[in-house]
>>> print(open('upload.cif').read())   # mmCIF, C-alpha atoms
data_model
#
loop_
_atom_site.label_atom_id
_atom_site.label_comp_id
_atom_site.auth_asym_id
_atom_site.auth_seq_id
_atom_site.Cartn_x
_atom_site.Cartn_y
_atom_site.Cartn_z
CA MET A 1 18.03 5.83 5.68
CA SER A 2 14.95 7.77 6.75
CA GLU A 3 14.41 10.97 8.67
CA HIS A 4 12.76 11.17 12.06
CA ILE A 5 9.26 12.59 12.20
CA HIS A 6 9.19 15.55 14.57
CA LYS A 7 5.96 16.46 16.28
CA ARG A 8 5.30 18.98 19.02
CA HIS A 9 6.13 16.62 21.91
CA ASN A 10 7.79 13.62 20.34
CA LYS A 11 10.19 12.37 17.73
CA SER A 12 9.69 8.99 16.06
CA LEU A 13 11.20 6.69 13.50
CA LEU A 14 8.77 3.85 12.81
CA LEU A 15 9.48 1.77 9.73
CA TYR A 16 7.19 -1.02 8.56
CA HIS A 17 7.89 -3.68 5.97
CA LEU A 18 4.54 -4.96 4.72
CA VAL A 19 3.96 -7.71 2.18
CA PHE A 20 0.53 -7.91 0.58
CA PRO A 21 -0.14 -11.05 -1.49
CA LEU A 22 -2.92 -10.94 -4.06
CA LYS A 23 -6.06 -12.98 -3.61
CA TYR A 24 -5.49 -16.61 -4.68
CA ARG A 25 -1.84 -15.61 -5.40
CA LYS A 26 -2.92 -14.78 -8.96
CA SER A 27 -0.22 -13.27 -11.17
CA VAL A 28 -2.06 -10.08 -12.06
CA ILE A 29 0.35 -7.20 -11.46
CA THR A 30 1.95 -5.94 -14.66
CA ASP A 31 4.22 -2.93 -15.10
CA ASP A 32 1.21 -0.75 -15.95
CA ILE A 33 -0.64 -1.84 -12.80
CA GLY A 34 2.55 -1.40 -10.77
CA LEU A 35 2.90 2.20 -11.95
CA SER A 36 -0.74 2.86 -11.08
CA LEU A 37 -0.14 1.37 -7.63
CA LYS A 38 2.83 3.68 -7.07
CA SER A 39 0.82 6.76 -8.09
CA ILE A 40 -2.01 5.70 -5.76
CA CYS A 41 0.51 5.37 -2.92
CA ILE A 42 1.82 8.89 -3.63
CA ASP A 43 -1.75 10.18 -3.29
CA ILE A 44 -2.14 8.28 -0.02
CA SER A 45 1.09 9.73 1.37
CA GLU A 46 -0.14 13.25 0.62
CA ARG A 47 -3.45 12.69 2.44
CA TYR A 48 -2.25 10.64 5.43
CA GLU A 49 0.88 10.68 7.58
CA VAL A 50 2.47 7.79 5.70
CA HIS A 51 5.74 8.04 3.81
CA PHE A 52 6.51 5.29 1.28
CA ILE A 53 10.25 4.67 1.22
CA GLU A 54 10.15 1.78 -1.24
CA ILE A 55 7.43 0.02 -3.22
CA GLY A 56 8.32 -3.21 -4.92
CA TYR A 57 6.06 -5.62 -6.73
CA GLU A 58 6.08 -9.06 -8.28
CA PRO A 59 3.20 -10.46 -10.37
CA ASP A 60 1.53 -11.98 -7.27
CA HIS A 61 2.52 -9.75 -4.31
CA VAL A 62 3.61 -6.24 -3.29
CA HIS A 63 6.27 -5.10 -0.80
CA PHE A 64 5.96 -1.78 1.00
CA LEU A 65 8.64 -0.17 3.16
CA LEU A 66 6.96 2.76 4.81
CA GLN A 67 7.25 5.17 7.68
CA SER A 68 4.38 6.38 9.80
CA VAL A 69 3.54 8.09 13.07
CA PRO A 70 2.73 6.26 16.34
CA THR A 71 -0.84 7.58 16.44
CA LEU A 72 -1.72 5.38 13.44
CA SER A 73 -1.85 1.71 14.47
CA VAL A 74 -0.46 -0.97 12.21
CA SER A 75 -3.86 -2.62 11.77
CA ASP A 76 -5.47 0.69 10.78
CA LEU A 77 -2.59 1.38 8.42
CA VAL A 78 -2.92 -2.01 6.70
CA LYS A 79 -6.71 -1.69 6.50
CA MET A 80 -6.43 1.76 4.96
CA LEU A 81 -3.75 0.73 2.45
CA LYS A 82 -5.57 -2.41 1.34
CA SER A 83 -8.93 -0.75 0.92
CA LEU A 84 -7.74 2.39 -0.90
CA THR A 85 -5.32 0.63 -3.25
CA ALA A 86 -7.83 -2.10 -4.15
CA LYS A 87 -10.64 0.40 -4.78
CA HIS A 88 -8.51 2.56 -7.06
CA LEU A 89 -6.86 -0.34 -8.89
CA PHE A 90 -10.26 -1.88 -9.67
CA ARG A 91 -11.42 1.51 -10.97
CA TYR A 92 -8.32 2.18 -13.12
CA HIS A 93 -7.90 -1.42 -14.36
CA PRO A 94 -11.30 -3.16 -14.68
CA GLU A 95 -9.68 -6.15 -16.41
CA VAL A 96 -8.19 -7.15 -13.06
CA LYS A 97 -11.64 -7.70 -11.56
CA ALA A 98 -12.32 -10.46 -14.11
CA LYS A 99 -9.17 -12.32 -13.05
CA LEU A 100 -9.85 -11.96 -9.31
CA TRP A 101 -13.33 -13.30 -8.73
CA GLY A 102 -15.11 -12.50 -5.49
CA GLY A 103 -14.35 -8.76 -5.55
CA ASN A 104 -11.21 -8.89 -3.38
CA PHE A 105 -7.78 -7.73 -4.54
CA TRP A 106 -5.69 -8.64 -1.48
CA THR A 107 -5.75 -11.70 0.76
CA SER A 108 -7.53 -11.29 4.07
CA GLY A 109 -4.48 -12.13 6.18
#
>>> encode(input="upload.cif", output="C-alpha cells")
Amino acid sequence: MSEHIHKRHNKSLLLYHLVFPLKYRKSVITDDIGLSLKSICIDISERYEVHFIEIGYEPDHVHFLLQSVPTLSVSDLVKMLKSLTAKHLFRYHPEVKAKLWGGNFWTSG
C-alpha cells in the first residue's frame, strides 16, 4: 500500500481518510474543478510533509486518503488543507463563489 516515512529517529506509517463536504452540500465540483483540486494537492504535497495516496470527488464532497508525519496533528492538517484548497479554488474558479454564498467552500465540521 504505502511506504513508511523514515526520519532520523523514527519510522511511521500514518494514513488518514478525510471526507470534506462542501458548504450547504451544494453540487459544485465538476471535472474541471476536480482536476484543479488535484493539482493544488500536488503543490501542497511538495511544500508540506503530506503525501496524497488517493483523491476522489463527487459533486458535493471530496475524499482524501493521505499519509503524513506524526509531528503534524490531524487538526492542523485539516485546517491547512481546507484553507489552502478553498483559497486556490476560489481564485482559479470564481464562478464557484457565486454558488457558495458566505465565502466558505467547506463545511466547518
>>> closest_residue(input="upload.cif", among="A:Cys41, A:Ile55, A:Val96, A:Leu65", to="Ser83 in chain A", atoms="all atoms listed in the file")
A:Cys41
>>> closest_residue(input="upload.cif", among="A:Asn104, A:Ser75, A:Gln67, A:Ser39", to="Glu3 in chain A", atoms="all atoms listed in the file")
A:Gln67
>>> resolve_selection(input="upload.cif", expression="the PyMOL selection byres ((chain A and resi 52) around 10)", output="compact mmCIF listing (two decimals) with C-alpha atoms, keeping the file's coordinate frame")
# COMPACT_ATOMS: atom_id res chain seq x y z
CA LEU A 15 9.48 1.77 9.73
CA TYR A 16 7.19 -1.02 8.56
CA LYS A 38 2.83 3.68 -7.07
CA CYS A 41 0.51 5.37 -2.92
CA ILE A 42 1.82 8.89 -3.63
CA ILE A 44 -2.14 8.28 -0.02
CA SER A 45 1.09 9.73 1.37
CA VAL A 50 2.47 7.79 5.70
CA HIS A 51 5.74 8.04 3.81
CA ILE A 53 10.25 4.67 1.22
CA GLU A 54 10.15 1.78 -1.24
CA ILE A 55 7.43 0.02 -3.22
CA PHE A 64 5.96 -1.78 1.00
CA LEU A 65 8.64 -0.17 3.16
CA LEU A 66 6.96 2.76 4.81
CA GLN A 67 7.25 5.17 7.68
CA SER A 68 4.38 6.38 9.80
>>> closest_residue(input="upload.cif", among="A:Lys11, A:Lys23, A:Lys99, A:His4", to="Lys82 in chain A", atoms="all atoms listed in the file")
A:Lys23
>>> residues_near_point(input="upload.cif", point="(-5.5, 6.2, 5.7)", cutoff="9 Å", atoms="all atoms listed in the file", output="PyMOL selection string")
chain A and resi 44-45+47-50+72+76-81+84
>>> write_last_selection(input="upload.cif", atoms="C-alpha atoms", output="PDB file, keeping the file's coordinate frame")
ATOM      1  CA  ILE A  44      -2.140   8.280  -0.020  1.00  0.00           C
ATOM      2  CA  SER A  45       1.090   9.730   1.370  1.00  0.00           C
ATOM      3  CA  ARG A  47      -3.450  12.690   2.440  1.00  0.00           C
ATOM      4  CA  TYR A  48      -2.250  10.640   5.430  1.00  0.00           C
ATOM      5  CA  GLU A  49       0.880  10.680   7.580  1.00  0.00           C
ATOM      6  CA  VAL A  50       2.470   7.790   5.700  1.00  0.00           C
ATOM      7  CA  LEU A  72      -1.720   5.380  13.440  1.00  0.00           C
ATOM      8  CA  ASP A  76      -5.470   0.690  10.780  1.00  0.00           C
ATOM      9  CA  LEU A  77      -2.590   1.380   8.420  1.00  0.00           C
ATOM     10  CA  VAL A  78      -2.920  -2.010   6.700  1.00  0.00           C
ATOM     11  CA  LYS A  79      -6.710  -1.690   6.500  1.00  0.00           C
ATOM     12  CA  MET A  80      -6.430   1.760   4.960  1.00  0.00           C
ATOM     13  CA  LEU A  81      -3.750   0.730   2.450  1.00  0.00           C
ATOM     14  CA  LEU A  84      -7.740   2.390  -0.900  1.00  0.00           C
TER      15      LEU A  84
END
>>> axis_aligned_box(input="upload.cif", around="range 6-20 of chain A", padding_each_side="3 Å", output="JSON")
{"center_x": 5.9, "center_y": 5.5, "center_z": 11.2, "size_x": 16.7, "size_y": 32.9, "size_z": 27.3}
>>> atom_distance(input="upload.cif", atom1="CA of Phe90 in chain A", atom2="CA of Val74 in chain A")
24.0 Å
>>> residues_around(input="upload.cif", residues="Phe20 in chain A", least_positions_apart="3", cutoff="7 Å", atoms="only C-alpha atoms", output="PyMOL selection string")
chain A and resi 61-63+106
>>> residues_near_point(input="upload.cif", point="(4.0, -2.6, -13.1)", cutoff="12 Å", atoms="only C-alpha atoms", output="list of chain:residue names")
A:Ser27, A:Val28, A:Ile29, A:Thr30, A:Asp31, A:Asp32, A:Ile33, A:Gly34, A:Leu35, A:Ser36, A:Leu37, A:Lys38, A:Ser39, A:Ile55, A:Gly56, A:Tyr57, A:Glu58, A:Pro59, A:Asp60, A:His61, A:Val62, A:Leu89
>>> closest_residue(input="upload.cif", among="A:Val69, A:Leu13, A:Tyr92, A:Leu22", to="Gly109 in chain A", atoms="only C-alpha atoms")
A:Leu22
>>> closest_residue(input="upload.cif", among="A:Lys7, A:Leu18, A:Tyr24, A:Pro70", to="Gly103 in chain A", atoms="all atoms listed in the file")
A:Tyr24
>>> atom_distance(input="upload.cif", atom1="CA of Pro94 in chain A", atom2="CA of His17 in chain A")
28.2 Å
>>> build_atoms(input="upload.cif", residues="range 24-47 of chain A", atoms="N, CA, C and O atoms", output="CSV table (one decimal), keeping the file's coordinate frame")
chain,number,residue,atom,x,y,z
A,24,TYR,N,-5.8,-15.3,-4.0
A,24,TYR,CA,-5.5,-16.6,-4.7
A,24,TYR,C,-4.1,-16.6,-5.3
A,24,TYR,O,-3.8,-17.5,-6.1
A,25,ARG,N,-3.2,-15.7,-4.9
A,25,ARG,CA,-1.8,-15.6,-5.4
A,25,ARG,C,-1.8,-15.6,-6.9
A,25,ARG,O,-0.9,-16.0,-7.6
A,26,LYS,N,-2.8,-14.9,-7.5
A,26,LYS,CA,-2.9,-14.8,-9.0
A,26,LYS,C,-1.8,-13.8,-9.4
A,26,LYS,O,-1.5,-12.8,-8.8
A,27,SER,N,-1.2,-14.1,-10.6
A,27,SER,CA,-0.2,-13.3,-11.2
A,27,SER,C,-0.9,-12.2,-12.0
A,27,SER,O,-1.1,-12.4,-13.2
A,28,VAL,N,-1.3,-11.1,-11.4
A,28,VAL,CA,-2.1,-10.1,-12.1
A,28,VAL,C,-1.3,-8.8,-12.3
A,28,VAL,O,-1.5,-8.1,-13.2
A,29,ILE,N,-0.3,-8.5,-11.4
A,29,ILE,CA,0.4,-7.2,-11.5
A,29,ILE,C,1.3,-7.1,-12.6
A,29,ILE,O,2.3,-7.9,-12.7
A,30,THR,N,1.1,-6.2,-13.5
A,30,THR,CA,2.0,-5.9,-14.7
A,30,THR,C,2.7,-4.6,-14.4
A,30,THR,O,2.4,-4.0,-13.3
A,31,ASP,N,3.5,-4.2,-15.3
A,31,ASP,CA,4.2,-2.9,-15.1
A,31,ASP,C,3.3,-1.8,-15.1
A,31,ASP,O,3.4,-0.8,-14.3
A,32,ASP,N,2.2,-1.8,-15.9
A,32,ASP,CA,1.2,-0.8,-16.0
A,32,ASP,C,0.5,-0.7,-14.6
A,32,ASP,O,0.2,0.4,-14.1
A,33,ILE,N,0.1,-1.8,-14.1
A,33,ILE,CA,-0.6,-1.8,-12.8
A,33,ILE,C,0.3,-1.4,-11.7
A,33,ILE,O,-0.1,-0.7,-10.7
A,34,GLY,N,1.6,-1.8,-11.8
A,34,GLY,CA,2.6,-1.4,-10.8
A,34,GLY,C,2.8,0.1,-10.7
A,34,GLY,O,2.9,0.7,-9.7
A,35,LEU,N,2.8,0.7,-11.9
A,35,LEU,CA,2.9,2.2,-12.0
A,35,LEU,C,1.7,2.9,-11.4
A,35,LEU,O,1.8,3.9,-10.7
A,36,SER,N,0.5,2.3,-11.7
A,36,SER,CA,-0.7,2.9,-11.1
A,36,SER,C,-0.7,2.7,-9.6
A,36,SER,O,-1.1,3.6,-8.8
A,37,LEU,N,-0.2,1.6,-9.1
A,37,LEU,CA,-0.1,1.4,-7.6
A,37,LEU,C,0.8,2.4,-7.0
A,37,LEU,O,0.5,3.0,-5.9
A,38,LYS,N,1.9,2.7,-7.6
A,38,LYS,CA,2.8,3.7,-7.1
A,38,LYS,C,2.2,5.1,-7.1
A,38,LYS,O,2.4,5.8,-6.1
A,39,SER,N,1.5,5.4,-8.1
A,39,SER,CA,0.8,6.8,-8.1
A,39,SER,C,-0.3,6.8,-7.0
A,39,SER,O,-0.5,7.9,-6.4
A,40,ILE,N,-1.0,5.7,-6.8
A,40,ILE,CA,-2.0,5.7,-5.8
A,40,ILE,C,-1.3,5.9,-4.4
A,40,ILE,O,-1.8,6.6,-3.5
A,41,CYS,N,-0.2,5.3,-4.2
A,41,CYS,CA,0.5,5.4,-2.9
A,41,CYS,C,1.0,6.8,-2.7
A,41,CYS,O,1.1,7.3,-1.6
A,42,ILE,N,1.4,7.5,-3.8
A,42,ILE,CA,1.8,8.9,-3.6
A,42,ILE,C,0.6,9.7,-3.2
A,42,ILE,O,0.8,10.6,-2.3
A,43,ASP,N,-0.5,9.5,-3.7
A,43,ASP,CA,-1.8,10.2,-3.3
A,43,ASP,C,-2.1,9.9,-1.8
A,43,ASP,O,-2.5,10.8,-1.1
A,44,ILE,N,-1.9,8.6,-1.4
A,44,ILE,CA,-2.1,8.3,0.0
A,44,ILE,C,-1.2,9.0,0.9
A,44,ILE,O,-1.6,9.5,2.0
A,45,SER,N,0.1,9.1,0.5
A,45,SER,CA,1.1,9.7,1.4
A,45,SER,C,0.8,11.2,1.5
A,45,SER,O,1.2,11.8,2.5
A,46,GLU,N,0.2,11.8,0.5
A,46,GLU,CA,-0.1,13.2,0.6
A,46,GLU,C,-1.3,13.5,1.5
A,46,GLU,O,-1.4,14.5,2.2
A,47,ARG,N,-2.2,12.5,1.6
A,47,ARG,CA,-3.4,12.7,2.4
A,47,ARG,C,-3.3,12.2,3.9
A,47,ARG,O,-3.9,12.8,4.8
